[in-house]
$ cat upload09.cif   # mmCIF, C-alpha atoms and all ligand atoms
data_run
loop_
_atom_site.group_PDB
_atom_site.id
_atom_site.type_symbol
_atom_site.label_atom_id
_atom_site.label_comp_id
_atom_site.auth_asym_id
_atom_site.auth_seq_id
_atom_site.Cartn_x
_atom_site.Cartn_y
_atom_site.Cartn_z
ATOM 1 C CA MET J 1 35.895 -29.841 -54.584
ATOM 2 C CA ALA J 2 32.990 -27.469 -54.006
ATOM 3 C CA ARG J 3 30.492 -30.181 -54.940
ATOM 4 C CA ALA J 4 32.086 -32.650 -52.509
ATOM 5 C CA SER J 5 31.959 -30.107 -49.690
ATOM 6 C CA ILE J 6 28.183 -29.621 -50.016
ATOM 7 C CA ALA J 7 27.323 -33.282 -50.602
ATOM 8 C CA PRO J 8 26.146 -33.839 -46.977
ATOM 9 C CA ILE J 9 23.718 -30.942 -47.363
ATOM 10 C CA PHE J 10 22.074 -32.563 -50.390
ATOM 11 C CA ARG J 11 21.562 -35.806 -48.522
ATOM 12 C CA GLN J 12 19.211 -33.953 -46.192
ATOM 13 C CA LYS J 13 15.601 -33.441 -47.166
ATOM 14 C CA TYR J 14 15.611 -30.066 -45.480
ATOM 15 C CA LYS J 15 18.470 -27.717 -44.869
ATOM 16 C CA VAL J 16 18.121 -25.436 -41.883
ATOM 17 C CA VAL J 17 19.324 -22.149 -43.267
ATOM 18 C CA MET J 18 17.585 -19.743 -40.935
ATOM 19 C CA LEU J 19 18.369 -21.048 -37.475
ATOM 20 C CA ASN J 20 19.666 -18.554 -34.935
ATOM 21 C CA THR J 21 19.413 -15.649 -37.337
ATOM 22 C CA ARG J 22 16.530 -13.782 -35.736
ATOM 23 C CA THR J 23 18.450 -12.406 -32.738
ATOM 24 C CA LYS J 24 21.376 -11.414 -34.929
ATOM 25 C CA PHE J 25 19.007 -9.770 -37.381
ATOM 26 C CA TYR J 26 17.376 -7.633 -34.669
ATOM 27 C CA PHE J 27 20.770 -6.666 -33.263
ATOM 28 C CA PHE J 28 22.068 -5.365 -36.591
ATOM 29 C CA LEU J 29 18.766 -3.736 -37.559
ATOM 30 C CA ILE J 30 18.646 -1.819 -34.262
ATOM 31 C CA ALA J 31 22.329 -0.888 -34.597
ATOM 32 C CA TYR J 32 21.836 0.477 -38.130
ATOM 33 C CA LEU J 33 18.628 2.310 -37.215
ATOM 34 C CA SER J 34 20.372 3.851 -34.180
ATOM 35 C CA LEU J 35 23.167 5.013 -36.455
ATOM 36 C CA PHE J 36 20.634 6.470 -38.913
ATOM 37 C CA LEU J 37 18.672 8.275 -36.157
ATOM 38 C CA TYR J 38 21.878 9.542 -34.499
ATOM 39 C CA ALA J 39 23.061 11.098 -37.776
ATOM 40 C CA THR J 40 19.593 12.556 -38.450
ATOM 41 C CA VAL J 41 19.337 14.170 -34.986
ATOM 42 C CA ILE J 42 22.929 15.453 -34.890
ATOM 43 C CA ASP J 43 23.091 16.799 -38.443
ATOM 44 C CA PHE J 44 19.691 17.139 -40.139
ATOM 45 C CA THR J 45 19.658 18.820 -43.541
ATOM 46 C CA TRP J 46 17.303 18.310 -46.503
ATOM 47 C CA GLN J 47 20.350 17.554 -48.646
ATOM 48 C CA TRP J 48 21.073 14.488 -46.496
ATOM 49 C CA VAL J 49 17.420 13.420 -46.803
ATOM 50 C CA VAL J 50 17.639 13.554 -50.609
ATOM 51 C CA ILE J 51 21.033 11.798 -50.652
ATOM 52 C CA GLY J 52 19.709 9.091 -48.302
ATOM 53 C CA ILE J 53 16.616 8.404 -50.439
ATOM 54 C CA VAL J 54 18.633 8.335 -53.686
ATOM 55 C CA LEU J 55 21.270 5.993 -52.214
ATOM 56 C CA ALA J 56 18.639 3.717 -50.676
ATOM 57 C CA ARG J 57 16.814 3.499 -54.031
ATOM 58 C CA ILE J 58 19.964 2.790 -56.069
ATOM 59 C CA PHE J 59 21.200 0.054 -53.711
ATOM 60 C CA SER J 60 17.726 -1.448 -53.392
ATOM 61 C CA ILE J 61 17.134 -1.541 -57.173
ATOM 62 C CA LEU J 62 20.552 -3.017 -58.000
ATOM 63 C CA GLY J 63 20.841 -5.342 -55.007
ATOM 64 C CA ILE J 64 17.329 -6.514 -54.161
ATOM 65 C CA ASP J 65 15.125 -5.870 -57.195
ATOM 66 C CA LEU J 66 17.673 -6.877 -59.846
ATOM 67 C CA GLY J 67 20.031 -9.221 -57.970
ATOM 68 C CA TYR J 68 18.085 -11.080 -55.269
ATOM 69 C CA HIS J 69 14.670 -10.928 -56.929
ATOM 70 C CA ARG J 70 14.829 -10.962 -60.729
ATOM 71 C CA LEU J 71 18.197 -12.643 -61.304
ATOM 72 C CA TRP J 72 18.755 -15.147 -58.490
ATOM 73 C CA SER J 73 15.138 -15.917 -57.485
ATOM 74 C CA HIS J 74 13.548 -15.928 -60.957
ATOM 75 C CA LYS J 75 16.402 -16.053 -63.513
ATOM 76 C CA ALA J 76 14.636 -13.275 -65.444
ATOM 77 C CA PHE J 77 17.903 -12.163 -67.124
ATOM 78 C CA LYS J 78 21.568 -13.097 -67.410
ATOM 79 C CA SER J 79 24.380 -10.928 -66.076
ATOM 80 C CA ALA J 80 28.103 -10.384 -66.556
ATOM 81 C CA LYS J 81 29.964 -12.012 -63.647
ATOM 82 C CA TRP J 82 31.503 -8.755 -62.413
ATOM 83 C CA PHE J 83 28.072 -7.129 -62.292
ATOM 84 C CA GLU J 84 26.786 -9.996 -60.133
ATOM 85 C CA TYR J 85 29.393 -8.976 -57.548
ATOM 86 C CA VAL J 86 28.177 -5.351 -57.745
ATOM 87 C CA MET J 87 24.580 -6.505 -57.195
ATOM 88 C CA MET J 88 25.623 -8.726 -54.287
ATOM 89 C CA ILE J 89 27.450 -5.859 -52.516
ATOM 90 C CA CYS J 90 24.384 -3.621 -52.956
ATOM 91 C CA ALA J 91 22.071 -6.400 -51.704
ATOM 92 C CA ILE J 92 24.113 -7.105 -48.572
ATOM 93 C CA LEU J 93 24.050 -3.398 -47.696
ATOM 94 C CA ALA J 94 20.294 -3.150 -48.391
ATOM 95 C CA TYR J 95 19.833 -5.705 -45.578
ATOM 96 C CA ASN J 96 17.335 -8.274 -46.849
ATOM 97 C CA GLY J 97 19.217 -11.283 -45.475
ATOM 98 C CA SER J 98 21.614 -13.444 -47.480
ATOM 99 C CA SER J 99 20.842 -14.353 -51.096
ATOM 100 C CA ILE J 100 20.141 -17.961 -50.054
ATOM 101 C CA MET J 101 17.673 -16.815 -47.389
ATOM 102 C CA TYR J 102 15.953 -14.412 -49.782
ATOM 103 C CA VAL J 103 15.778 -16.813 -52.752
ATOM 104 C CA GLY J 104 14.498 -19.661 -50.551
ATOM 105 C CA THR J 105 11.736 -17.691 -48.831
ATOM 106 C CA HIS J 106 10.769 -15.855 -52.009
ATOM 107 C CA ARG J 107 10.434 -19.002 -54.112
ATOM 108 C CA MET J 108 8.334 -20.552 -51.332
ATOM 109 C CA HIS J 109 6.151 -17.438 -51.383
ATOM 110 C CA HIS J 110 5.506 -17.886 -55.119
ATOM 111 C CA ALA J 111 4.917 -21.647 -54.782
ATOM 112 C CA PHE J 112 2.550 -21.380 -51.790
ATOM 113 C CA SER J 113 1.120 -17.846 -52.051
ATOM 114 C CA ASP J 114 -1.563 -17.064 -49.453
ATOM 115 C CA THR J 115 -1.570 -20.579 -47.977
ATOM 116 C CA ASP J 116 -0.324 -21.884 -44.624
ATOM 117 C CA LYS J 117 3.024 -22.675 -46.247
ATOM 118 C CA ASP J 118 3.531 -19.123 -47.505
ATOM 119 C CA PRO J 119 6.483 -17.721 -45.499
ATOM 120 C CA HIS J 120 5.059 -14.209 -45.836
ATOM 121 C CA GLY J 121 2.124 -15.256 -43.638
ATOM 122 C CA THR J 122 -0.671 -12.870 -42.770
ATOM 123 C CA ILE J 123 0.532 -10.868 -39.773
ATOM 124 C CA TRP J 124 2.077 -7.604 -40.892
ATOM 125 C CA TRP J 125 5.131 -7.550 -38.612
ATOM 126 C CA LYS J 126 5.889 -11.156 -39.470
ATOM 127 C CA ILE J 127 5.679 -10.273 -43.138
ATOM 128 C CA CYS J 128 8.308 -7.561 -42.635
ATOM 129 C CA LEU J 129 10.564 -10.043 -40.892
ATOM 130 C CA TYR J 130 9.412 -13.115 -42.813
ATOM 131 C CA MET J 131 12.766 -14.533 -43.751
ATOM 132 C CA TYR J 132 13.833 -14.531 -40.132
ATOM 133 C CA GLU J 133 10.742 -16.432 -39.052
ATOM 134 C CA VAL J 134 11.271 -19.330 -41.460
ATOM 135 C CA LYS J 135 13.369 -22.083 -39.961
ATOM 136 C CA GLU J 136 13.703 -24.506 -42.841
ATOM 137 C CA ILE J 137 13.817 -24.290 -46.611
ATOM 138 C CA PRO J 138 13.465 -27.480 -48.700
ATOM 139 C CA ILE J 139 16.827 -28.054 -50.316
ATOM 140 C CA ARG J 140 15.313 -28.557 -53.790
ATOM 141 C CA VAL J 141 14.000 -24.966 -53.667
ATOM 142 C CA ILE J 142 17.496 -23.486 -53.363
ATOM 143 C CA SER J 143 19.684 -26.169 -54.963
ATOM 144 C CA ASP J 144 21.035 -23.825 -57.656
ATOM 145 C CA VAL J 145 22.201 -21.079 -55.274
ATOM 146 C CA MET J 146 23.475 -23.675 -52.776
ATOM 147 C CA ARG J 147 25.717 -25.110 -55.508
ATOM 148 C CA ASN J 148 27.256 -21.676 -56.050
ATOM 149 C CA PRO J 149 30.307 -21.186 -53.742
ATOM 150 C CA PHE J 150 29.942 -17.390 -53.899
ATOM 151 C CA HIS J 151 26.367 -17.513 -52.578
ATOM 152 C CA ARG J 152 27.332 -20.039 -49.910
ATOM 153 C CA TRP J 153 30.228 -17.827 -48.774
ATOM 154 C CA CYS J 154 27.997 -14.735 -48.558
ATOM 155 C CA HIS J 155 25.389 -16.736 -46.596
ATOM 156 C CA LYS J 156 27.945 -18.189 -44.169
ATOM 157 C CA HIS J 157 29.623 -14.843 -43.490
ATOM 158 C CA TYR J 158 26.585 -12.581 -43.825
ATOM 159 C CA PHE J 159 26.570 -11.305 -40.249
ATOM 160 C CA LYS J 160 30.382 -11.162 -40.042
ATOM 161 C CA ILE J 161 30.295 -8.839 -43.054
ATOM 162 C CA HIS J 162 27.829 -6.643 -41.172
ATOM 163 C CA ILE J 163 30.098 -6.566 -38.099
ATOM 164 C CA ALA J 164 32.879 -5.244 -40.371
ATOM 165 C CA ILE J 165 30.514 -2.667 -41.916
ATOM 166 C CA LEU J 166 29.348 -1.468 -38.479
ATOM 167 C CA ILE J 167 32.938 -1.124 -37.232
ATOM 168 C CA MET J 168 33.724 0.943 -40.323
ATOM 169 C CA CYS J 169 30.655 3.100 -39.593
ATOM 170 C CA LEU J 170 32.120 4.007 -36.181
ATOM 171 C CA ILE J 171 34.935 5.881 -37.955
ATOM 172 C CA ASP J 172 32.415 8.585 -38.883
ATOM 173 C CA PRO J 173 28.965 7.731 -37.472
ATOM 174 C CA VAL J 174 27.313 10.873 -38.843
ATOM 175 C CA PHE J 175 28.467 10.358 -42.444
ATOM 176 C CA PHE J 176 27.803 6.606 -42.441
ATOM 177 C CA GLY J 177 24.518 7.088 -40.581
ATOM 178 C CA HIS J 178 23.309 9.329 -43.402
ATOM 179 C CA THR J 179 24.532 6.936 -46.097
ATOM 180 C CA ILE J 180 24.740 3.287 -44.987
ATOM 181 C CA GLY J 181 22.067 3.835 -42.314
ATOM 182 C CA ALA J 182 19.708 5.167 -44.994
ATOM 183 C CA ILE J 183 20.516 2.292 -47.388
ATOM 184 C CA VAL J 184 19.732 -0.332 -44.717
ATOM 185 C CA PHE J 185 16.586 1.465 -43.536
ATOM 186 C CA GLY J 186 15.343 1.972 -47.129
ATOM 187 C CA GLY J 187 16.136 -1.575 -48.266
ATOM 188 C CA PHE J 188 14.259 -3.032 -45.320
ATOM 189 C CA LEU J 189 11.252 -0.720 -45.747
ATOM 190 C CA PHE J 190 10.912 -1.000 -49.553
ATOM 191 C CA THR J 191 10.736 -4.802 -49.416
ATOM 192 C CA GLY J 192 8.601 -4.900 -46.265
ATOM 193 C CA THR J 193 5.852 -2.577 -47.538
ATOM 194 C CA VAL J 194 5.410 -4.502 -50.794
ATOM 195 C CA ASN J 195 5.223 -7.803 -48.903
ATOM 196 C CA VAL J 196 2.757 -6.344 -46.406
ATOM 197 C CA LEU J 197 0.383 -4.636 -48.867
ATOM 198 C CA ALA J 198 0.521 -6.473 -52.200
ATOM 199 C CA HIS J 199 -1.520 -9.502 -51.014
ATOM 200 C CA ARG J 200 -4.171 -7.562 -49.097
ATOM 201 C CA LYS J 201 -6.782 -7.103 -51.845
ATOM 202 C CA ILE J 202 -5.847 -3.426 -52.179
ATOM 203 C CA GLY J 203 -5.438 -2.119 -55.735
ATOM 204 C CA TYR J 204 -6.304 -3.819 -59.013
ATOM 205 C CA ARG J 205 -5.629 -7.097 -60.803
ATOM 206 C CA ASN J 206 -4.754 -7.535 -64.476
ATOM 207 C CA PHE J 207 -4.634 -11.324 -64.187
ATOM 208 C CA ASP J 208 -6.772 -13.915 -62.420
ATOM 209 C CA THR J 209 -3.882 -15.615 -60.615
ATOM 210 C CA ASP J 210 -4.355 -18.330 -57.956
ATOM 211 C CA ASP J 211 -3.438 -15.925 -55.148
ATOM 212 C CA ASN J 212 -4.471 -12.554 -53.716
ATOM 213 C CA SER J 213 -1.712 -10.528 -55.394
ATOM 214 C CA THR J 214 -2.601 -7.018 -56.602
ATOM 215 C CA ASN J 215 -1.053 -4.068 -58.418
ATOM 216 C CA ILE J 216 -1.102 -0.905 -56.310
ATOM 217 C CA ARG J 217 -0.690 2.374 -58.203
ATOM 218 C CA TRP J 218 0.335 4.588 -55.284
ATOM 219 C CA LEU J 219 2.787 1.934 -54.093
ATOM 220 C CA GLN J 220 4.483 2.363 -57.454
ATOM 221 C CA ILE J 221 5.597 5.854 -56.387
ATOM 222 C CA TRP J 222 7.192 4.377 -53.257
ATOM 223 C CA SER J 223 8.464 1.105 -54.682
ATOM 224 C CA LEU J 224 9.004 2.333 -58.300
ATOM 225 C CA HIS J 225 8.068 -1.052 -59.831
ATOM 226 C CA GLU J 226 7.512 -3.796 -57.238
ATOM 227 C CA GLY J 227 3.952 -2.462 -56.712
ATOM 228 C CA LEU J 228 2.993 -4.326 -59.924
ATOM 229 C CA HIS J 229 2.798 -7.495 -57.880
ATOM 230 C CA ASN J 230 -0.149 -9.166 -59.635
ATOM 231 C CA ASN J 231 1.650 -8.762 -62.962
ATOM 232 C CA HIS J 232 4.718 -10.326 -61.357
ATOM 233 C CA HIS J 233 2.784 -13.323 -59.985
ATOM 234 C CA HIS J 234 1.239 -13.837 -63.436
ATOM 235 C CA ASP J 235 4.676 -14.136 -65.087
ATOM 236 C CA ALA J 236 7.414 -14.369 -62.442
ATOM 237 C CA SER J 237 10.227 -14.888 -64.945
ATOM 238 C CA ALA J 238 9.478 -11.674 -66.899
ATOM 239 C CA TYR J 239 12.209 -9.074 -66.382
ATOM 240 C CA ASP J 240 9.654 -6.273 -66.904
ATOM 241 C CA PHE J 241 6.674 -6.078 -64.508
ATOM 242 C CA ALA J 242 4.846 -3.414 -66.572
ATOM 243 C CA MET J 243 2.231 -5.027 -68.819
ATOM 244 C CA LYS J 244 0.058 -2.065 -69.826
ATOM 245 C CA PRO J 245 1.036 1.288 -71.403
ATOM 246 C CA SER J 246 -0.040 3.094 -68.196
ATOM 247 C CA GLU J 247 2.319 0.988 -66.039
ATOM 248 C CA TYR J 248 6.016 1.608 -65.556
ATOM 249 C CA ASP J 249 8.882 -0.429 -64.150
ATOM 250 C CA VAL J 250 12.054 1.499 -63.292
ATOM 251 C CA ALA J 251 14.097 -1.674 -62.681
ATOM 252 C CA ALA J 252 13.191 -2.866 -66.205
ATOM 253 C CA ILE J 253 14.301 0.498 -67.625
ATOM 254 C CA VAL J 254 17.634 0.054 -65.802
ATOM 255 C CA LEU J 255 17.909 -3.491 -67.188
ATOM 256 C CA ARG J 256 17.237 -2.324 -70.759
ATOM 257 C CA ALA J 257 19.967 0.328 -70.375
ATOM 258 C CA LEU J 258 22.405 -2.296 -69.022
ATOM 259 C CA ALA J 259 21.452 -4.649 -71.883
ATOM 260 C CA ARG J 260 22.301 -1.940 -74.425
ATOM 261 C CA VAL J 261 25.909 -1.883 -73.154
ATOM 262 C CA LYS J 262 25.987 -5.723 -72.929
ATOM 263 C CA ILE J 263 26.270 -5.935 -69.124
ATOM 264 C CA VAL J 264 23.085 -8.008 -68.931
ATOM 265 C CA ASP J 265 21.106 -10.153 -71.380
ATOM 266 C CA ILE J 266 17.326 -9.740 -71.158
ATOM 267 C CA THR J 267 16.349 -11.963 -74.109
ATOM 268 C CA ARG J 268 14.298 -15.062 -73.207
HETATM 269 ZN ZN ZN R 1 3.644 -12.038 -53.756
HETATM 270 ZN ZN ZN R 2 9.084 -12.802 -57.216
#
$ encode --input "upload09.cif" --output "structure tokens"
Amino acid sequence: MARASIAPIFRQKYKVVMLNTRTKFYFFLIAYLSLFLYATVIDFTWQWVVIGIVLARIFSILGIDLGYHRLWSHKAFKSAKWFEYVMMICAILAYNGSSIMYVGTHRMHHAFSDTDKDPHGTIWWKICLYMYEVKEIPIRVISDVMRNPFHRWCHKHYFKIHIAILIMCLIDPVFFGHTIGAIVFGGFLFTGTVNVLAHRKIGYRNFDTDDNSTNIRWLQIWSLHEGLHNNHHHDASAYDFAMKPSEYDVAAIVLRALARVKIVDITR
């Protein structure tokens, strides 16, 4: 049934998955940032700052770093089905586009790093918004996630889900501005800064990869683990980006803890 319903898509060489998303993306980003700024101006306390950073980090690690990046883009580990739903909820709130958009653009970035076909490009603001600038993803790049009805549903209804979230935020704009506003803002910034800086010949390289990727120590404090970008380009399917004793990867520590209680499988 599901296979029959996507058959026409697979007959196309390219599937347009990004069309008409840019305007919607800006609308929701501005709405969430307005909510975040409103809450910050109306009710600023350092407790809310700490809560916002902690929430943004948790949702970004579970949703983007584990779910979108290591599991669905690179298949670096296996996960219990129920935990995939948890990661998907976190990822949708962390506002990095749908899983299909993220996986497609990210795999193209790895395949064509620092070339004309690299969706991350070279202009910093385009890098932040890269997945909304790409109009077409070759279907072969995303065939696995396109076959998954759950991913297709989340992609199709991505912006409708955000309409529902925004309506819910209106119930208590100050509370949700401090929480959901911070999660969206953080998720967008954490990903954007790594994409902007980690191919700019700043930092150091452990491996002589065919691209300009680098590891940036100070970015590790901000990104917790994604700053080890050269290590990641060297072995994209490794669940742990740390490859020297002096390097650390918080997402890998989380994965090892989840593996201990059998929620994920990190063996290769
Ligand atoms: Zn990269
Ligand atoms: Zn990657």
$ resolve_selection --input "upload09.cif" --expression "the PyMOL selection byres (((not hetatm)) within 12 of (chain R and resi 1))" --output "PyMOL selection string"
chain J and resi 69+105-115+118-122+127+191-201+209-215+226-236
$ closest_residue --input "upload09.cif" --among "J:His151, J:Arg22, J:Arg70, J:Arg57" --to "ligand ZN 2 (chain R)" --atoms "only C-alpha atoms and all ligand atoms"
J:Arg70
$ closest_residue --input "upload09.cif" --among "J:Ile92, J:Met146, J:Val103, J:Ala31" --to "ligand ZN 2 (chain R)" --atoms "all atoms listed in the file"
J:Val103
$ atom_distance --input "upload09.cif" --atom1 "CA of His157 in chain J" --atom2 "CA of Val86 in chain J"
17.2 Å
$ residues_around --input "upload09.cif" --residues "Val50 in chain J" --least-positions-apart "5" --cutoff "12 Å" --atoms "all atoms listed in the file" --output "list of chain:residue names"
J:Phe44, J:Thr45, J:Leu55, J:Ala56, J:Arg57, J:His178, J:Thr179, J:Ala182
$ resolve_selection --input "upload09.cif" --expression "the PyMOL selection byres (((chain J and resi 242) around 10) and not hetatm)" --output "MDAnalysis selection string"
chainID J and resid 225:229 231:232 238:241 243:250 252
$ residues_around --input "upload09.cif" --residues "His162 in chain J" --least-positions-apart "2" --cutoff "10 Å" --atoms "all atoms listed in the file" --output "list in words"
Phe28, Tyr32, Ile92, Leu93, Tyr95, His157, Tyr158, Phe159, Lys160, Ala164, Ile165, Leu166, Ile167 and Met168 of chain J
$ write_last_selection --input "upload09.cif" --atoms "C-alpha atoms" --output "short mmCIF file (atom, residue, chain, number, x, y, z; two decimals), in the coordinates of the input"
data_model
loop_
_atom_site.label_atom_id
_atom_site.label_comp_id
_atom_site.auth_asym_id
_atom_site.auth_seq_id
_atom_site.Cartn_x
_atom_site.Cartn_y
_atom_site.Cartn_z
CA PHE J 28 22.07 -5.36 -36.59
CA TYR J 32 21.84 0.48 -38.13
CA ILE J 92 24.11 -7.10 -48.57
CA LEU J 93 24.05 -3.40 -47.70
CA TYR J 95 19.83 -5.70 -45.58
CA HIS J 157 29.62 -14.84 -43.49
CA TYR J 158 26.58 -12.58 -43.82
CA PHE J 159 26.57 -11.30 -40.25
CA LYS J 160 30.38 -11.16 -40.04
CA ALA J 164 32.88 -5.24 -40.37
CA ILE J 165 30.51 -2.67 -41.92
CA LEU J 166 29.35 -1.47 -38.48
CA ILE J 167 32.94 -1.12 -37.23
CA MET J 168 33.72 0.94 -40.32
#
$ atom_distance --input "upload09.cif" --atom1 "CA of Arg217 in chain J" --atom2 "CA of Lys117 in chain J"
28.0 Å
$ resolve_selection --input "upload09.cif" --expression "the PyMOL selection byres (((chain J and resi 176) around 12) and not hetatm)" --output "ChimeraX atom specification"
/J:32-40,43,48,51-52,55,93,165-175,177-184
$ atom_distance --input "upload09.cif" --atom1 "CA of Val49 in chain J" --atom2 "CA of Thr23 in chain J"
29.4 Å
$ closest_residue --input "upload09.cif" --among "J:Leu219, J:Ala80, J:Val41, J:Ile53" --to "Val261 in chain J" --atoms "all atoms listed in the file"
J:Ala80
$ closest_residue --input "upload09.cif" --among "J:Ala94, J:Ile142, J:Ile89, J:Leu62" --to "Leu258 in chain J" --atoms "all atoms listed in the file"
J:Leu62
$ residues_around --input "upload09.cif" --residues "Tyr68 in chain J" --least-positions-apart "6" --cutoff "10 Å" --atoms "only C-alpha atoms" --output "ChimeraX atom specification"
/J:60-62,74-75,87-88,91-92,96-103,106
$ closest_residue --input "upload09.cif" --among "J:Glu136, J:Val141, J:Ser237, J:Phe150" --to "ligand ZN 2 (chain R)" --atoms "all atoms listed in the file"
J:Ser237
